[in-house]
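Trainee: You'll find final.csv just under this line, and it carries CSV, C-alpha atoms.
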```
chain,number,residue,atom,x,y,z
A,3,MET,CA,-17.0,-9.7,3.6
A,4,ASN,CA,-17.0,-13.4,3.3
A,5,PRO,CA,-13.9,-15.4,4.5
A,6,LEU,CA,-12.7,-16.2,1.0
A,7,ALA,CA,-12.8,-12.5,0.0
A,8,LEU,CA,-10.9,-11.6,3.2
A,9,PHE,CA,-8.3,-14.3,2.5
A,10,LEU,CA,-7.8,-13.3,-1.1
A,11,THR,CA,-7.6,-9.6,-0.5
A,12,VAL,CA,-4.9,-10.0,2.2
A,13,PHE,CA,-3.1,-12.7,0.1
A,14,VAL,CA,-2.8,-10.5,-3.0
A,15,ALA,CA,-1.8,-7.4,-1.1
A,16,CYS,CA,0.8,-9.3,0.9
A,17,ALA,CA,2.1,-11.1,-2.2
A,18,VAL,CA,2.9,-7.7,-3.8
A,19,GLU,CA,4.9,-6.7,-0.7
A,20,ALA,CA,6.6,-10.1,-0.5
A,21,VAL,CA,7.8,-9.8,-4.1
A,22,GLU,CA,9.4,-6.4,-3.3
A,23,ALA,CA,11.1,-7.8,-0.2
A,24,LEU,CA,12.3,-10.8,-2.1
A,25,THR,CA,14.1,-8.6,-4.6
A,26,ILE,CA,16.1,-6.9,-1.8
A,27,VAL,CA,16.9,-10.2,0.0
A,28,LEU,CA,18.1,-11.8,-3.3
A,29,ALA,CA,20.3,-8.7,-4.1
A,30,ALA,CA,21.9,-8.9,-0.6
A,31,GLY,CA,22.3,-12.7,-0.5
A,32,LEU,CA,23.5,-13.3,-4.0
A,33,THR,CA,26.0,-10.4,-4.1
A,34,ARG,CA,27.1,-10.2,-0.5
A,35,ASP,CA,26.7,-13.0,2.1
A,36,TRP,CA,23.7,-15.3,2.6
A,37,ARG,CA,24.3,-15.9,6.3
A,38,SER,CA,24.2,-12.2,7.2
A,39,THR,CA,21.2,-11.7,4.8
A,40,PHE,CA,19.3,-14.5,6.6
A,41,GLN,CA,20.3,-13.0,10.0
A,42,GLY,CA,18.8,-9.6,8.8
A,43,MET,CA,15.7,-11.3,7.6
A,44,ALA,CA,15.3,-13.2,10.8
A,45,ALA,CA,15.7,-10.1,12.9
A,46,ALA,CA,13.1,-8.2,10.8
A,47,LEU,CA,10.7,-11.1,11.1
A,48,ALA,CA,11.2,-11.2,14.9
A,49,VAL,CA,10.3,-7.5,15.1
A,50,LEU,CA,7.2,-8.0,12.9
A,51,GLY,CA,6.2,-11.1,15.0
A,52,VAL,CA,6.4,-9.0,18.2
A,53,THR,CA,4.4,-6.2,16.5
A,54,VAL,CA,1.6,-8.7,15.5
A,55,ALA,CA,1.7,-10.4,18.9
A,56,VAL,CA,1.2,-7.0,20.7
A,57,LEU,CA,-1.1,-5.2,18.2
A,58,GLY,CA,-3.3,-8.2,17.2
A,59,PRO,CA,-4.8,-8.9,20.7
A,60,ALA,CA,-4.9,-5.2,21.5
A,61,LEU,CA,-7.0,-4.4,18.4
A,62,THR,CA,-9.6,-7.0,19.4
A,63,LEU,CA,-10.1,-5.1,22.7
A,64,VAL,CA,-11.0,-1.9,20.9
A,65,PRO,CA,-14.8,-1.3,20.4
A,66,LEU,CA,-15.8,-2.2,16.9
A,67,THR,CA,-17.3,1.3,16.0
A,68,GLY,CA,-14.1,3.1,17.1
A,69,LEU,CA,-11.9,0.5,15.4
A,70,ARG,CA,-13.8,0.9,12.1
A,71,LEU,CA,-13.6,4.7,12.2
A,72,VAL,CA,-9.8,4.8,12.8
A,73,VAL,CA,-8.9,1.7,10.7
A,74,GLY,CA,-11.3,2.8,7.9
A,75,ALA,CA,-9.7,6.2,7.7
A,76,LEU,CA,-6.2,4.7,7.6
A,77,LEU,CA,-7.2,2.2,5.0
A,78,ALA,CA,-8.9,4.8,2.8
A,79,VAL,CA,-5.8,7.1,3.0
A,80,PHE,CA,-3.5,4.1,2.4
A,81,GLY,CA,-5.6,2.9,-0.5
A,82,LEU,CA,-5.7,6.3,-2.1
A,83,GLN,CA,-1.8,6.3,-2.0
A,84,TRP,CA,-1.8,2.9,-3.8
A,85,LEU,CA,-4.4,3.9,-6.3
A,86,ARG,CA,-2.7,7.2,-7.1
A,87,LYS,CA,0.6,5.5,-7.8
A,88,ALA,CA,-1.1,2.7,-9.8
A,89,ILE,CA,-3.0,5.2,-11.9
A,90,LEU,CA,0.0,7.3,-12.6
A,91,ARG,CA,2.0,4.2,-13.6
A,92,ALA,CA,-0.8,2.8,-15.8
A,93,SER,CA,-1.2,6.2,-17.6
A,94,GLY,CA,2.5,6.6,-18.2
A,95,TYR,CA,3.1,9.5,-15.9
A,96,LYS,CA,5.3,7.4,-13.5
A,97,ASP,CA,7.7,4.6,-14.4
A,98,LEU,CA,6.3,1.1,-14.0
A,99,HIS,CA,7.6,-0.8,-11.0
A,100,ASP,CA,10.3,-2.9,-12.5
A,101,GLU,CA,11.7,-5.6,-10.2
A,102,GLY,CA,14.5,-6.3,-12.7
A,103,ALA,CA,15.7,-2.7,-12.7
A,104,ILE,CA,15.4,-2.4,-8.9
A,105,TYR,CA,17.4,-5.6,-8.5
A,106,ALA,CA,20.1,-4.3,-10.8
A,107,ARG,CA,20.3,-1.1,-8.8
A,108,GLN,CA,20.5,-3.0,-5.4
A,109,VAL,CA,23.2,-5.3,-6.8
A,110,ALA,CA,25.3,-2.4,-8.0
A,111,ALA,CA,25.0,-0.7,-4.6
A,112,ALA,CA,25.8,-3.9,-2.8
A,113,GLN,CA,28.9,-4.6,-4.9
A,114,ALA,CA,30.1,-1.0,-4.3
A,115,ALA,CA,29.6,-1.0,-0.6
A,116,THR,CA,32.5,-1.8,1.8
A,117,SER,CA,32.5,-5.1,3.6
A,118,GLY,CA,32.9,-5.6,7.3
A,119,GLY,CA,31.2,-7.2,10.2
A,120,ARG,CA,29.7,-5.9,13.4
A,121,ARG,CA,28.0,-7.3,16.5
A,122,GLY,CA,28.4,-11.0,15.5
A,123,VAL,CA,27.3,-10.4,11.9
A,124,ARG,CA,29.8,-11.2,9.2
A,125,ASP,CA,28.6,-8.7,6.6
A,126,TRP,CA,26.9,-5.7,8.2
A,127,TYR,CA,25.8,-4.2,4.8
A,128,ALA,CA,24.0,-7.4,3.8
A,129,PHE,CA,22.4,-7.6,7.3
A,130,THR,CA,21.0,-4.1,7.3
A,131,LEU,CA,19.9,-4.2,3.6
A,132,SER,CA,17.9,-7.4,4.3
A,133,PHE,CA,16.6,-6.2,7.7
A,134,LYS,CA,15.3,-2.9,6.3
A,135,GLY,CA,13.8,-4.4,3.2
A,136,VAL,CA,11.9,-7.1,5.0
A,137,LEU,CA,10.9,-4.8,7.9
A,138,LEU,CA,9.6,-2.0,5.6
A,139,GLU,CA,7.7,-4.3,3.2
A,140,GLY,CA,6.6,-6.5,6.2
A,141,LEU,CA,5.1,-3.5,8.0
A,142,GLU,CA,2.7,-3.0,5.1
A,143,VAL,CA,1.8,-6.8,5.3
A,144,VAL,CA,1.2,-6.5,9.0
A,145,PHE,CA,-0.9,-3.3,8.6
A,146,ILE,CA,-3.1,-4.8,5.9
A,147,ALA,CA,-3.5,-8.2,7.7
A,148,LEU,CA,-4.3,-6.7,11.1
A,149,THR,CA,-6.7,-4.0,9.9
A,150,PHE,CA,-8.7,-6.3,7.6
A,151,GLY,CA,-8.6,-9.2,10.2
A,152,ALA,CA,-9.6,-7.0,13.1
A,153,ASN,CA,-12.5,-5.4,11.3
A,154,GLN,CA,-13.8,-8.8,10.2
A,155,GLN,CA,-13.0,-10.2,13.7
A,156,ASN,CA,-10.9,-12.9,12.0
A,157,VAL,CA,-7.3,-11.9,12.5
A,158,GLY,CA,-6.3,-15.6,12.2
A,159,LEU,CA,-7.6,-16.0,8.7
A,160,ALA,CA,-6.1,-12.7,7.6
A,161,ALA,CA,-2.8,-13.8,9.1
A,162,ALA,CA,-3.1,-17.1,7.2
A,163,GLY,CA,-3.6,-15.2,3.9
A,164,ALA,CA,-0.5,-13.1,4.6
A,165,ALA,CA,1.6,-16.1,5.6
A,166,ALA,CA,0.4,-18.0,2.5
A,167,ALA,CA,1.5,-15.2,0.3
A,168,VAL,CA,4.9,-14.8,1.9
A,169,VAL,CA,5.5,-18.6,1.8
A,170,LEU,CA,4.5,-18.9,-1.8
A,171,VAL,CA,6.7,-15.9,-2.9
A,172,ALA,CA,9.6,-17.2,-0.9
A,173,ALA,CA,9.3,-20.7,-2.4
A,174,VAL,CA,9.1,-19.4,-6.0
A,175,GLY,CA,12.1,-17.1,-5.2
A,176,ILE,CA,14.2,-19.9,-3.8
A,177,ALA,CA,13.3,-22.0,-6.9
A,178,VAL,CA,14.1,-19.4,-9.5
A,179,ARG,CA,16.8,-17.5,-7.6
A,180,ALA,CA,15.9,-14.3,-9.4
A,181,PRO,CA,13.6,-11.3,-8.8
A,182,LEU,CA,10.0,-12.1,-9.8
A,183,SER,CA,9.8,-9.5,-12.5
A,184,ARG,CA,7.1,-11.4,-14.4
A,185,VAL,CA,4.6,-10.9,-11.6
A,186,PRO,CA,2.0,-8.3,-12.8
A,187,GLU,CA,2.8,-6.1,-9.9
A,188,ASN,CA,1.3,-2.9,-11.2
A,189,THR,CA,-2.0,-4.6,-12.0
A,190,MET,CA,-2.0,-6.3,-8.5
A,191,LYS,CA,-1.3,-2.9,-6.9
A,192,PHE,CA,-4.2,-1.4,-8.8
A,193,ALA,CA,-6.5,-4.1,-7.6
A,194,VAL,CA,-5.3,-3.9,-4.0
A,195,GLY,CA,-5.6,-0.1,-4.1
A,196,VAL,CA,-9.3,-0.5,-5.2
A,197,MET,CA,-9.9,-3.0,-2.3
A,198,LEU,CA,-8.2,-0.9,0.3
A,199,THR,CA,-10.0,2.3,-0.7
A,200,SER,CA,-13.4,0.6,-0.9
A,201,PHE,CA,-13.1,-1.2,2.4
A,202,GLY,CA,-11.6,1.9,4.0
A,203,VAL,CA,-14.5,4.1,2.9
A,204,PHE,CA,-17.1,1.4,3.9
A,205,TRP,CA,-15.7,0.9,7.4
A,206,GLY,CA,-14.7,4.5,8.0
A,207,ALA,CA,-18.3,5.7,7.2
A,208,GLU,CA,-19.8,2.9,9.3
A,209,GLY,CA,-17.5,4.0,12.2
A,210,ALA,CA,-18.8,7.6,11.8
A,211,GLY,CA,-22.3,6.3,12.3
A,212,VAL,CA,-23.6,5.7,8.7
A,213,SER,CA,-25.9,2.9,7.9
A,214,TRP,CA,-25.1,1.7,4.4
A,215,PRO,CA,-28.0,1.0,2.0
A,216,GLY,CA,-28.1,-2.8,1.7
A,217,HIS,CA,-25.7,-3.1,4.6
A,218,ASP,CA,-22.7,-5.3,3.7
A,219,ALA,CA,-24.1,-5.8,0.1
A,220,ALA,CA,-23.1,-2.1,-0.5
A,221,LEU,CA,-19.6,-3.4,-0.9
A,222,LEU,CA,-20.7,-5.3,-4.0
A,223,ALA,CA,-21.4,-2.0,-5.6
A,224,MET,CA,-18.6,0.0,-4.0
A,225,VAL,CA,-15.7,-2.2,-5.1
A,226,PRO,CA,-16.7,-2.2,-8.9
A,227,ALA,CA,-17.6,1.5,-8.6
A,228,THR,CA,-14.1,2.4,-7.2
A,229,ALA,CA,-12.5,0.2,-9.9
A,230,LEU,CA,-14.5,2.0,-12.6
A,231,VAL,CA,-13.6,5.5,-11.3
A,232,ALA,CA,-9.9,4.5,-11.1
A,233,LEU,CA,-10.0,3.1,-14.7
A,234,GLY,CA,-11.8,6.2,-15.8
A,235,TYR,CA,-9.1,8.4,-14.3
A,236,THR,CA,-6.4,6.2,-16.0
A,237,ALA,CA,-8.1,6.5,-19.4
A,238,LEU,CA,-8.5,10.3,-18.9
A,239,LEU,CA,-4.8,10.8,-18.0
A,240,ARG,CA,-3.7,8.6,-20.9
A,241,ARG,CA,-5.7,10.8,-23.3
A,242,VAL,CA,-4.3,14.0,-21.8
A,243,ARG,CA,-0.8,12.6,-22.0
A,244,ALA,CA,-1.2,11.5,-25.6
A,245,ALA,CA,-2.7,14.9,-26.6
A,246,ALA,CA,0.1,16.7,-24.9
A,247,ARG,CA,2.7,14.5,-26.7
A,248,ALA,CA,1.0,15.0,-30.0
A,249,ALA,CA,0.9,18.8,-29.5
A,250,VAL,CA,4.7,19.1,-28.9
A,251,PRO,CA,5.8,18.2,-32.5
A,252,ALA,CA,3.0,20.3,-33.9
A,253,ALA,CA,4.2,23.3,-31.9
A,254,GLU,CA,7.7,22.6,-32.9
A,255,ARG,CA,6.6,22.5,-36.6
A,256,SER,CA,4.8,25.8,-36.4
A,257,ALA,CA,7.8,27.4,-34.6
A,258,ALA,CA,10.1,26.2,-37.5
B,1,MET,CA,17.4,11.5,20.4
B,2,SER,CA,15.6,14.3,18.7
B,3,ARG,CA,17.0,13.2,15.3
B,4,TRP,CA,15.8,9.7,16.0
B,5,LEU,CA,12.4,11.0,16.8
B,6,ARG,CA,12.3,13.1,13.7
B,7,SER,CA,13.3,10.1,11.6
B,8,PHE,CA,10.7,8.0,13.3
B,9,GLY,CA,8.0,10.6,12.7
B,10,ALA,CA,9.0,11.0,9.1
B,11,PHE,CA,8.9,7.3,8.5
B,12,TRP,CA,5.3,7.0,9.8
B,13,TYR,CA,4.2,10.1,8.0
B,14,ASP,CA,5.6,8.7,4.7
B,15,PHE,CA,4.1,5.2,5.5
B,16,VAL,CA,0.6,6.4,6.2
B,17,ILE,CA,0.2,9.8,4.4
B,18,GLY,CA,2.7,9.3,1.5
B,19,ASP,CA,3.4,11.8,-1.2
B,20,ASP,CA,0.2,13.9,-0.9
B,21,TRP,CA,-1.2,14.9,2.5
B,22,ARG,CA,-4.3,16.4,0.9
B,23,GLY,CA,-5.9,13.0,0.4
B,24,ALA,CA,-5.5,12.3,4.1
B,25,ALA,CA,-6.9,15.7,5.0
B,26,VAL,CA,-9.9,15.2,2.7
B,27,VAL,CA,-10.7,11.8,4.3
B,28,ALA,CA,-10.4,13.2,7.8
B,29,VAL,CA,-12.6,16.2,7.1
B,30,ALA,CA,-15.2,14.1,5.2
B,31,LEU,CA,-15.4,11.6,8.1
B,32,ALA,CA,-15.8,14.4,10.6
B,33,LEU,CA,-18.6,16.0,8.5
B,34,THR,CA,-20.2,12.5,8.1
B,35,ALA,CA,-20.2,12.0,11.9
B,36,LEU,CA,-21.6,15.5,12.4
B,37,LEU,CA,-24.4,15.0,9.9
B,38,VAL,CA,-25.3,11.6,11.3
B,39,HIS,CA,-25.2,12.5,15.0
B,40,ALA,CA,-26.2,16.2,15.0
B,41,ALA,CA,-28.6,16.4,12.0
B,42,SER,CA,-29.8,12.7,11.8
B,43,VAL,CA,-28.8,12.6,8.1
B,44,ASN,CA,-27.6,9.2,7.0
B,45,ALA,CA,-24.8,10.7,4.9
B,46,TRP,CA,-23.4,7.5,3.5
B,47,TRP,CA,-22.7,9.3,0.1
B,48,LEU,CA,-20.4,11.9,1.5
B,49,LEU,CA,-17.2,9.9,2.0
B,50,PRO,CA,-17.3,8.1,-1.4
B,51,ILE,CA,-17.8,11.5,-3.2
B,52,ALA,CA,-14.9,13.1,-1.1
B,53,VAL,CA,-12.6,10.2,-1.9
B,54,ILE,CA,-13.3,10.3,-5.6
B,55,GLY,CA,-12.7,14.0,-5.6
B,56,ALA,CA,-9.5,13.7,-3.5
B,57,LEU,CA,-8.1,11.1,-5.9
B,58,GLY,CA,-8.9,13.3,-8.9
B,59,TRP,CA,-7.4,16.4,-7.2
B,60,SER,CA,-4.2,14.5,-6.2
B,61,LEU,CA,-3.8,13.1,-9.8
B,62,ARG,CA,-4.4,16.6,-11.2
B,63,ARG,CA,-1.6,18.0,-9.0
B,64,ALA,CA,0.7,15.1,-9.9
B,65,THR,CA,0.4,15.7,-13.6
B,66,PRO,CA,0.7,19.5,-14.2
B,67,GLY,CA,1.0,19.8,-18.0
B,68,GLN,CA,3.5,16.8,-18.3
B,69,PRO,CA,3.5,15.1,-21.7
```
Show me, as C-alpha cells, the structure contained in the file I just sent.
Mentor:
Amino acid sequence: MNPLALFLTVFVACAVEAVEALTIVLAAGLTRDWRSTFQGMAAALAVLGVTVAVLGPALTLVPLTGLRLVVGALLAVFGLQWLRKAILRASGYKDLHDEGAIYARQVAAAQAATSGGRRGVRDWYAFTLSFKGVLLEGLEVVFIALTFGANQQNVGLAAAGAAAAVVLVAAVGIAVRAPLSRVPENTMKFAVGVMLTSFGVFWGAEGAGVSWPGHDAALLAMVPATALVALGYTALLRRVRAAARAAVPAAERSAA
Amino acid sequence: MSRWLRSFGAFWYDFVIGDDWRGAAVVAVALALTALLVHAASVNAWWLLPIAVIGALGWSLRRATPGQP
C-alpha cells in the first residue's frame, strides 16, 4: 500500500465518522449550550488522545505477523459490517443514512430534555450528548487509523489522514453551521467498507501464513474484486426487492 | 460493577461484531483453517479467506432480507 493510498483510505473513513459526530455536536450546541458542548467534545478528545498515546506505541511492539492476523481479522469483520449496511441501504432494504433527519431527531430530544448542571458543567445534557457522540465516532476513527497505520508501519501518516479529515469536516461545519447532509455518506461508507474488507482479508491471510500471488500487487485485484462482488449483491437485492414489490399488487389483483 | 462490565462488554461486542455475529465467526474459522492448511499441510491457501468472506456477506444479506418487498 503506497503512502497516498494509506492517507486517502484513512481520510475518507474518518471523514464519514467526523460528519456523524458533527451532526451530534451541532444539535447539542445550537439547541442547548455551546460551552458545555465544547467541554464534552474536549473530554472525549482527551480520552481518544490517551487511547492513541497508549495503543499507538504498543501496537508497534507487536510482531508484524501476529499484528496482521489479529488486525486483519478485526478489519475484515468491521469491513463486512460496513459493507452489509451499505449494500442494504443501496438496495433499499434499509433507510439511507440521513444526517438532516438525524439532526432533527437530536434537536427534538435536546429541546425536550431537562436542563441542569453538574460537576462544573453548566448543561449536563449537552455535555454528555457531545461527549458520547464524539467518543463513539472517534473510536472508529482511532481504530481505523491505528490498524492501517500499524500494519503499514506508518502510524504518523495514518494519524495525519485522520486529523486532516476531522479538521476539514469541523471547518466546513463551523462555516455552514448545519449538518453536512449533502456529503454522499452512503457512497463513502460503501467505498470504505470495500477497503476495510479487502485489506482485512489481505493482512489476515498474510498473518495466517499465506503468501499472496504477486505479493502486495494482489491488492490491486482484491479491491476491485470486492467492489464488484458488493455491487453485484446490491444489484441482486434491488432486483429481488423490485420483483417482490411488483408481485404484491399482482397477488392483490388475483385475490380480488 | 457487574452492570458496568456488562455494558462495557455489550459496547465492544456491538462495536466489533455488530448486527450479525455469523460474519465474525466465518472470518475466525476461515483464518484458523487457512493457518492449518499453510502450516500443517503446506498448502498456500490464499483463496480460502476471500471465498469465505464473499460467502459470509451473501449469507448475512440473505438473512437480513427474508422476503421483504
Trainee: For segment 228-234 of chain A, I'd like the enclosing box, axis-aligned and padded by 5 Å on every side, reported as JSON with centre and edge lengths in Å to one decimal.
Mentor:
```
{"center_x": -12.2, "center_y": 3.2, "center_z": -11.5, "size_x": 14.6, "size_y": 16.0, "size_z": 18.6}
```
Trainee: With distances taken over all atoms listed in the file, which residue among A:Ser200, A:Leu137, A:Ala249, A:Ser213 lies nearest Ile51 of chain B?
Mentor: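 That would be A:Ser200, the residue with the smallest distance to Ile51 of chain B.
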Trainee: At what distance in Å, to one decimal, does atom CA of Gly18 of chain B lie from atom CA of Asn188 of chain A?
Mentor: 17.7 Å
Trainee: Could you pull out every residue with an atom within 10 Å of (4.4, 2.6, 1.8), file coordinates, counting only C-alpha atoms, and send them as a ChimeraX atom specification?
Mentor: /A:19,80,83-84,138-139,141-142 /B:11-19
Trainee: Mind listing as a PyMOL selection string which residues of chain B are within 10 Å of chain A, counting only C-alpha atoms?
Mentor: chain B and resi 11+15-28+30-39+42-50+52-54+56-58+60-62+64-65+67-69
Trainee: Work out how far atom CA of Gly42 of chain A is from atom CA of Asp125 of chain A, in Å to one decimal.
Mentor: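 Computing the Euclidean distance for atom CA of Asp125 of chain A and atom CA of Gly42 of chain A yields 10.1 Å.
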Trainee: Which of these, A:Val56, A:Val73, A:Ile26, A:Leu131, has the shortest distance to Ser38 of chain A once you count only C-alpha atoms?
Mentor: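 Nearest to Ser38 of chain A: A:Leu131.
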Trainee: Could you pull out every residue with an atom within 10 Å of (17.6, -6.9, 3.5), file coordinates, counting all atoms listed in the file, and send them as a list in words?
Mentor: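 Residues close enough to count: Ala23, Leu24, Thr25, Ile26, Val27, Leu28, Ala29, Ala30, Gly31, Ser38, Thr39, Phe40, Gln41, Gly42, Met43, Ala44, Ala46, Tyr127, Ala128, Phe129, Thr130, Leu131, Ser132, Phe133, Lys134, Gly135, Val136, Leu137 and Leu138 of chain A.
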Trainee: By how many Å are atom CA of Arg70 of chain A and atom CA of Gln155 of chain A apart?
Mentor: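 According to the coordinates, atom CA of Arg70 of chain A and atom CA of Gln155 of chain A are separated by 11.2 Å.
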